[in-house]
Amino acid sequence: MAETPSKVDDLASRGGKWLGLSAAAPVRHTAAVVADRFEQLAWRDTFTQSAGLRDLATELSARFDHTTDLLTDVFLAAYKVGPRLRERAQMAHSRLLNHQVITSLVESPEFTGLRRETAGDPYAAAMAVLAQAAALRRILELSRDAQEQAEQANRAQADADGAATAVGEALQQAAAGADEDGTVPDPAADAVQQAVEAAESTASAARQAARHAARVLAAAAPGIRAGAGNAAAKAADAVREEAALMRAWGVGPGELERMPFDERARLAERLRTGRLAQWAELIGRFRQMADGERARKVENATGELVGVTLGNDLSRVIPSELANLGLPELRAVFAARYAAGELMLYDFQGEQTTGKGAIIACVDTSHSMYVAGPGGITREAWAKACALALLDQARHAKRDFVGILFSAADKLQVFRFPADKSADIGQVLDFAETFLGGGTSYQRPLTAAAELLEEEFDDAARTRGDIVMLTDDECDVTEEWTRGWNDAKHLLGFRVFGVAIGAPRAADAGSVLEALCDNLRSIEDLTDVHAAADLFRVI
C-alpha cells in the first residue's frame, strides 16, 4: 500500500520508460532476405508449382521450427541478383538461426558460383533449394540447441514486450480513476508499481536469454558456415549439370525460360533417368564435333577438304602462302612458286556441293543395335547421337529433317522436323527413346525416305536431298526394288551416305550397302565421334 497518496504525474514518471518502450517496440522480421513484392510473388508461384518444395517444407516443418521461412530465404538468396540481408538486430529471436544460415550461405565463395546459374531464374533457384535439402537437414539437426535457446529468448522478449504494454495499460487505468487534483486511488497505484516491477524483471530475463542464445549460436556458427559452403557447392554442381544436360539435348536458355515450371521439371526428370541420361555426354560430343566441322567448311568448295596440295589456283591458296605477299622480300618467291605451280592449296575431293533438300537419317533399331562397344556405348546410342547432330545440321542449313526408325519390314516409325518450325523437344526425345526391335530391312526405310523426298520435290521443287543410313546389319534387296530405287535417285538427285556401325562386313566391297551408297564408312570405335566428321562438312 502506498504510504502517501500517489499522483498521476508521479506514476507517469515511474512508468514512462516502459510506456515509451511499449509504444516504440521495433518490428522484428521473420525473413532474413529483403525482397520486394514481385520477388515474393516469384517465390509463392514457384512454391505452388513445385511439389518438391512443398514436400520438403512439410518434412522439415514436422521436425524443426520456422523452416518454411528458411526455404523462402534460401530461394530468394539464389533468385535475387544482389541479395541484401537484414541486420541481426532487426530479426525476431526465433529466426536468428535462419539468419545465420543465410548469412553463411551468401558469404561463402561457393555461393557466388551458384548465383551465376540461378539469378533471375525461379526454376533454377528452386532446384538450388532442393539440392541443398540434405545439408539444411544436417545444419538444423546440429543446431537444435541454438534454435531452442533462440525460442526461449523469443518467448522472454515477448514476455518483456507484454509487460511493457501492461505498464501502459495500468497507467491509463490509474489516470482514468484519478481525482480532480490528480490523486490516484491506492489499488490503481499499486497496480502500476507491480506492472513496473514485472516489466523490469521480464526485461532483465529477456536480455539474459538473448545473450545466452547469442553465445550458443556463435558456438554453432563455424559448423553452420562449413555446412552452408558445402550446400552451395553441391547446389551449383547440380544446377550446372542440369544446364549441361539441357544443352546436350539442344534445349537453349531461351526455350527453358519460356517453358512452364512443371513442364521443365518433367523434362529434367526425363533427361536424368534411363537411357537418355547415359547418352547425354555422347550427344554433347557429337554436337560439339558437328559445330566444329561446320566452322571448318570452306565457302564455295567443290567437295570434301582432304588436305593440302600444290598448284597455282589462287582461289584455293592457304592463308600462310598469302601472308608472303605482305613481305616485300618474299613477293618474288611467291611469284616464282606461282609460275612453277608450287603454291600450297587446299585440296578437295570427291563430293558435290552441299545438298538443299531434306536430310533424312534412317536409324536401324533392330535387336543387334543394343550391342555395346568400348566405353559401354551401344550401337543404338552412337547412331541416334549422330542422327541428332544431323538434325542440328539441318536446322543450321534451314533444311527439313526426318528421322526414320526401322528394323524388320513391318516396323517403321517416322519423325518429321520441318525447317520452318522449331524442333519440339518432346518429339526429339521420343525419337531418341523409341526402339522397335526385330530384324533388319533396307528396302522399307529407304523406300519411305525416297517417297518423302519425292513429296518434297512435288511440293517445293527441291532436289538434292541427303539420306544417311545408320545400320549394323546386312540384308538383301530385290532387283525390282533396286531398279525403282535407282530411277528415284536419278530423278531426285539425292545422295546416300552409309554408316556401318560395329559391322565392318556390311561395308565390304561388293556388299549391298556399298551398292546403295555414294559414300560409305565403317565405325568400329564407338567412343570416336570424329569418325563421322566428314559427313558434317559435305551434308
# chains A, B, ... in the order shown; residues from 1 in each chain; ligands from 1
>>> select_by_dssp(residues="region 303-385 of chain A", states="helix (DSSP H, G or I)", output="PyMOL selection string")
chain A and resi 314-316+319-326+328-339+367-370+374-376+379-385
>>> residues_around(residues="Thr46 (chain A)", least_positions_apart="6", cutoff="9 Å", atoms="only C-alpha atoms", output="VMD selection string")
chain A and resid 53 122 to 123 126 261
>>> write_last_selection(atoms="N, CA and C atoms", output="mmCIF file, in the first residue's frame")
data_model
loop_
_atom_site.group_PDB
_atom_site.id
_atom_site.type_symbol
_atom_site.label_atom_id
_atom_site.label_comp_id
_atom_site.auth_asym_id
_atom_site.auth_seq_id
_atom_site.Cartn_x
_atom_site.Cartn_y
_atom_site.Cartn_z
ATOM 1 N N LEU A 53 9.327 -28.695 -53.539
ATOM 2 C CA LEU A 53 9.461 -27.683 -52.493
ATOM 3 C C LEU A 53 8.416 -27.873 -51.406
ATOM 4 N N PRO A 122 13.576 -18.573 -61.618
ATOM 5 C CA PRO A 122 12.918 -19.194 -60.463
ATOM 6 C C PRO A 122 13.048 -20.711 -60.439
ATOM 7 N N TYR A 123 13.055 -21.340 -61.620
ATOM 8 C CA TYR A 123 13.202 -22.803 -61.638
ATOM 9 C C TYR A 123 14.576 -23.206 -61.111
ATOM 10 N N ALA A 126 14.775 -22.717 -57.403
ATOM 11 C CA ALA A 126 14.071 -23.790 -56.691
ATOM 12 C C ALA A 126 14.906 -25.064 -56.694
ATOM 13 N N PHE A 261 6.894 -24.195 -65.465
ATOM 14 C CA PHE A 261 7.699 -24.838 -64.425
ATOM 15 C C PHE A 261 7.519 -26.347 -64.425
#
>>> closest_residue(among="A:Gln147, A:Thr447, A:Asn230, A:Asn519", to="Lys489 (chain A)", atoms="only C-alpha atoms")
A:Thr447
>>> select_by_dssp(residues="region 320-522 of chain A", states="strand (DSSP E)", output="PyMOL selection string")
chain A and resi 343-349+359-364+401-406+412-417+466-471+495-501+519-522
>>> residues_around(residues="Ala461 (chain A)", least_positions_apart="4", cutoff="12 Å", atoms="only C-alpha atoms", output="ChimeraX atom specification")
/A:356-358,453-457,465,491-493
>>> write_last_selection(atoms="N, CA and C atoms", output="mmCIF file, in the first residue's frame")
data_model
loop_
_atom_site.group_PDB
_atom_site.id
_atom_site.type_symbol
_atom_site.label_atom_id
_atom_site.label_comp_id
_atom_site.auth_asym_id
_atom_site.auth_seq_id
_atom_site.Cartn_x
_atom_site.Cartn_y
_atom_site.Cartn_z
ATOM 1 N N LYS A 356 20.399 -29.482 -100.838
ATOM 2 C CA LYS A 356 19.419 -28.456 -100.490
ATOM 3 C C LYS A 356 18.090 -29.051 -100.024
ATOM 4 N N GLY A 357 17.824 -30.311 -100.388
ATOM 5 C CA GLY A 357 16.580 -30.931 -99.947
ATOM 6 C C GLY A 357 16.690 -31.393 -98.504
ATOM 7 N N ALA A 358 15.756 -32.219 -98.098
ATOM 8 C CA ALA A 358 15.716 -32.675 -96.704
ATOM 9 C C ALA A 358 16.914 -33.566 -96.380
ATOM 10 N N LEU A 453 11.278 -37.551 -100.113
ATOM 11 C CA LEU A 453 11.985 -36.626 -100.991
ATOM 12 C C LEU A 453 11.180 -36.334 -102.251
ATOM 13 N N GLU A 454 10.461 -37.324 -102.741
ATOM 14 C CA GLU A 454 9.592 -37.099 -103.893
ATOM 15 C C GLU A 454 8.459 -36.144 -103.522
ATOM 16 N N GLU A 455 7.913 -36.316 -102.349
ATOM 17 C CA GLU A 455 6.866 -35.414 -101.861
ATOM 18 C C GLU A 455 7.406 -33.981 -101.750
ATOM 19 N N GLU A 456 8.629 -33.841 -101.265
ATOM 20 C CA GLU A 456 9.247 -32.519 -101.147
ATOM 21 C C GLU A 456 9.459 -31.907 -102.533
ATOM 22 N N PHE A 457 9.850 -32.741 -103.500
ATOM 23 C CA PHE A 457 10.043 -32.257 -104.864
ATOM 24 C C PHE A 457 8.721 -31.786 -105.463
ATOM 25 N N GLY A 465 18.428 -33.933 -101.907
ATOM 26 C CA GLY A 465 18.346 -34.301 -100.503
ATOM 27 C C GLY A 465 19.479 -35.231 -100.125
ATOM 28 N N LEU A 491 16.135 -39.232 -110.668
ATOM 29 C CA LEU A 491 15.137 -38.168 -110.820
ATOM 30 C C LEU A 491 15.306 -37.078 -109.771
ATOM 31 N N LEU A 492 15.508 -37.464 -108.520
ATOM 32 C CA LEU A 492 15.505 -36.503 -107.413
ATOM 33 C C LEU A 492 16.895 -35.998 -107.043
ATOM 34 N N GLY A 493 17.927 -36.653 -107.544
ATOM 35 C CA GLY A 493 19.293 -36.177 -107.332
ATOM 36 C C GLY A 493 19.767 -36.243 -105.890
#
>>> residues_around(residues="Arg155 (chain A)", least_positions_apart="4", cutoff="9 Å", atoms="only C-alpha atoms", output="number ranges by chain")
A: 93-94, 150-151, 159-160, 206
>>> residues_around(residues="region 430-446 of chain A", least_positions_apart="5", cutoff="7 Å", atoms="only C-alpha atoms", output="ChimeraX atom specification")
/A:362,365-367,384,404,406-409,411,415,473,475,477
>>> residues_around(residues="His530 (chain A)", least_positions_apart="6", cutoff="9 Å", atoms="only C-alpha atoms", output="JSON list (two decimals) with all heavy atoms, in the first residue's frame")
[["chain", "number", "residue", "atom", "x", "y", "z"],
["A", 286, "PHE", "N", 29.02, -35.25, -79.94],
["A", 286, "PHE", "CA", 28.65, -35.24, -81.36],
["A", 286, "PHE", "C", 28.29, -33.83, -81.80],
["A", 286, "PHE", "O", 28.73, -33.36, -82.86],
["A", 286, "PHE", "CB", 27.45, -36.17, -81.60],
["A", 286, "PHE", "CG", 27.82, -37.41, -82.37],
["A", 286, "PHE", "CD1", 27.88, -38.63, -81.74],
["A", 286, "PHE", "CD2", 28.11, -37.35, -83.72],
["A", 286, "PHE", "CE1", 28.22, -39.79, -82.43],
["A", 286, "PHE", "CE2", 28.44, -38.50, -84.43],
["A", 286, "PHE", "CZ", 28.50, -39.72, -83.78],
["A", 289, "MET", "N", 31.41, -31.68, -82.02],
["A", 289, "MET", "CA", 32.18, -32.03, -83.22],
["A", 289, "MET", "C", 31.53, -31.44, -84.46],
["A", 289, "MET", "O", 32.20, -30.85, -85.32],
["A", 289, "MET", "CB", 32.28, -33.55, -83.33],
["A", 289, "MET", "CG", 32.99, -34.05, -84.59],
["A", 289, "MET", "SD", 31.88, -34.24, -86.03],
["A", 289, "MET", "CE", 30.86, -35.60, -85.50],
["A", 290, "ALA", "N", 30.19, -31.59, -84.57],
["A", 290, "ALA", "CA", 29.48, -31.09, -85.76],
["A", 290, "ALA", "C", 29.60, -29.57, -85.87],
["A", 290, "ALA", "O", 29.76, -29.03, -86.97],
["A", 290, "ALA", "CB", 28.02, -31.51, -85.69]]
>>> closest_atom_pairs(of="region 112-193 of chain A", to="region 82-85 of chain A", cutoff="12 Å", atoms="only C-alpha atoms", output="tab-separated table")
residue	atom	partner	partner_atom	distance
A:Thr112	CA	A:Gly82	CA	10.3
A:Arg115	CA	A:Gly82	CA	9.0
A:Arg116	CA	A:Gly82	CA	10.7
A:Thr118	CA	A:Gly82	CA	11.6
A:Ala119	CA	A:Gly82	CA	8.5
A:Gly120	CA	A:Gly82	CA	10.3
>>> closest_residue(among="A:Gly498, A:Gly326, A:Gly426, A:Gly229", to="Leu470 (chain A)", atoms="only C-alpha atoms")
A:Gly498
>>> atom_distance(atom1="CA of Val216 (chain A)", atom2="CA of Pro109 (chain A)")
25.2 Å
>>> atom_distance(atom1="CA of Arg395 (chain A)", atom2="CA of Ala419 (chain A)")
6.3 Å
>>> closest_residue(among="A:Arg247, A:Arg505, A:Arg275, A:Lys398", to="Ile377 (chain A)", atoms="only C-alpha atoms")
A:Arg275
>>> residues_around(residues="Gly113 (chain A)", least_positions_apart="5", cutoff="10 Å", atoms="only C-alpha atoms", output="list in words")
Ser108, Thr118, Ala232, Ala233, Ala235, Ala236, Asp237 and Arg240 of chain A
>>> closest_residue(among="A:Ser204, A:Gln193, A:Gln40, A:Ser143", to="Gln157 (chain A)", atoms="only C-alpha atoms")
A:Ser204
>>> closest_residue(among="A:Ala191, A:Met91, A:Val106, A:Leu314", to="Arg28 (chain A)", atoms="only C-alpha atoms")
A:Met91
>>> closest_residue(among="A:Ala92, A:Ala248, A:Ala198, A:Ala189", to="Ala277 (chain A)", atoms="only C-alpha atoms")
A:Ala248
>>> decode(residues="region 396-420 of chain A", atoms="C-alpha atoms", output="compact mmCIF listing (two decimals), in the first residue's frame")
# COMPACT_ATOMS: atom_id res chain seq x y z
CA HIS A 396 21.57 -24.57 -89.39
CA ALA A 397 21.10 -25.06 -93.14
CA LYS A 398 17.34 -24.35 -92.94
CA ARG A 399 16.59 -27.79 -94.35
CA ASP A 400 13.85 -30.20 -93.31
CA PHE A 401 14.95 -33.16 -91.21
CA VAL A 402 13.30 -36.56 -91.00
CA GLY A 403 14.26 -39.33 -88.61
CA ILE A 404 13.21 -42.81 -89.74
CA LEU A 405 13.50 -45.63 -87.20
CA PHE A 406 13.40 -49.06 -88.78
CA SER A 407 14.01 -52.74 -88.13
CA ALA A 408 12.04 -55.53 -89.80
CA ALA A 409 9.94 -54.83 -92.89
CA ASP A 410 6.78 -54.35 -90.82
CA LYS A 411 8.36 -51.98 -88.29
CA LEU A 412 8.90 -48.34 -89.16
CA GLN A 413 8.37 -45.03 -87.38
CA VAL A 414 8.83 -41.60 -88.94
CA PHE A 415 9.60 -38.35 -87.08
CA ARG A 416 9.38 -35.15 -89.14
CA PHE A 417 11.05 -31.85 -88.21
CA PRO A 418 10.15 -29.14 -90.77
CA ALA A 419 12.70 -26.37 -91.25
CA ASP A 420 10.12 -23.62 -90.66
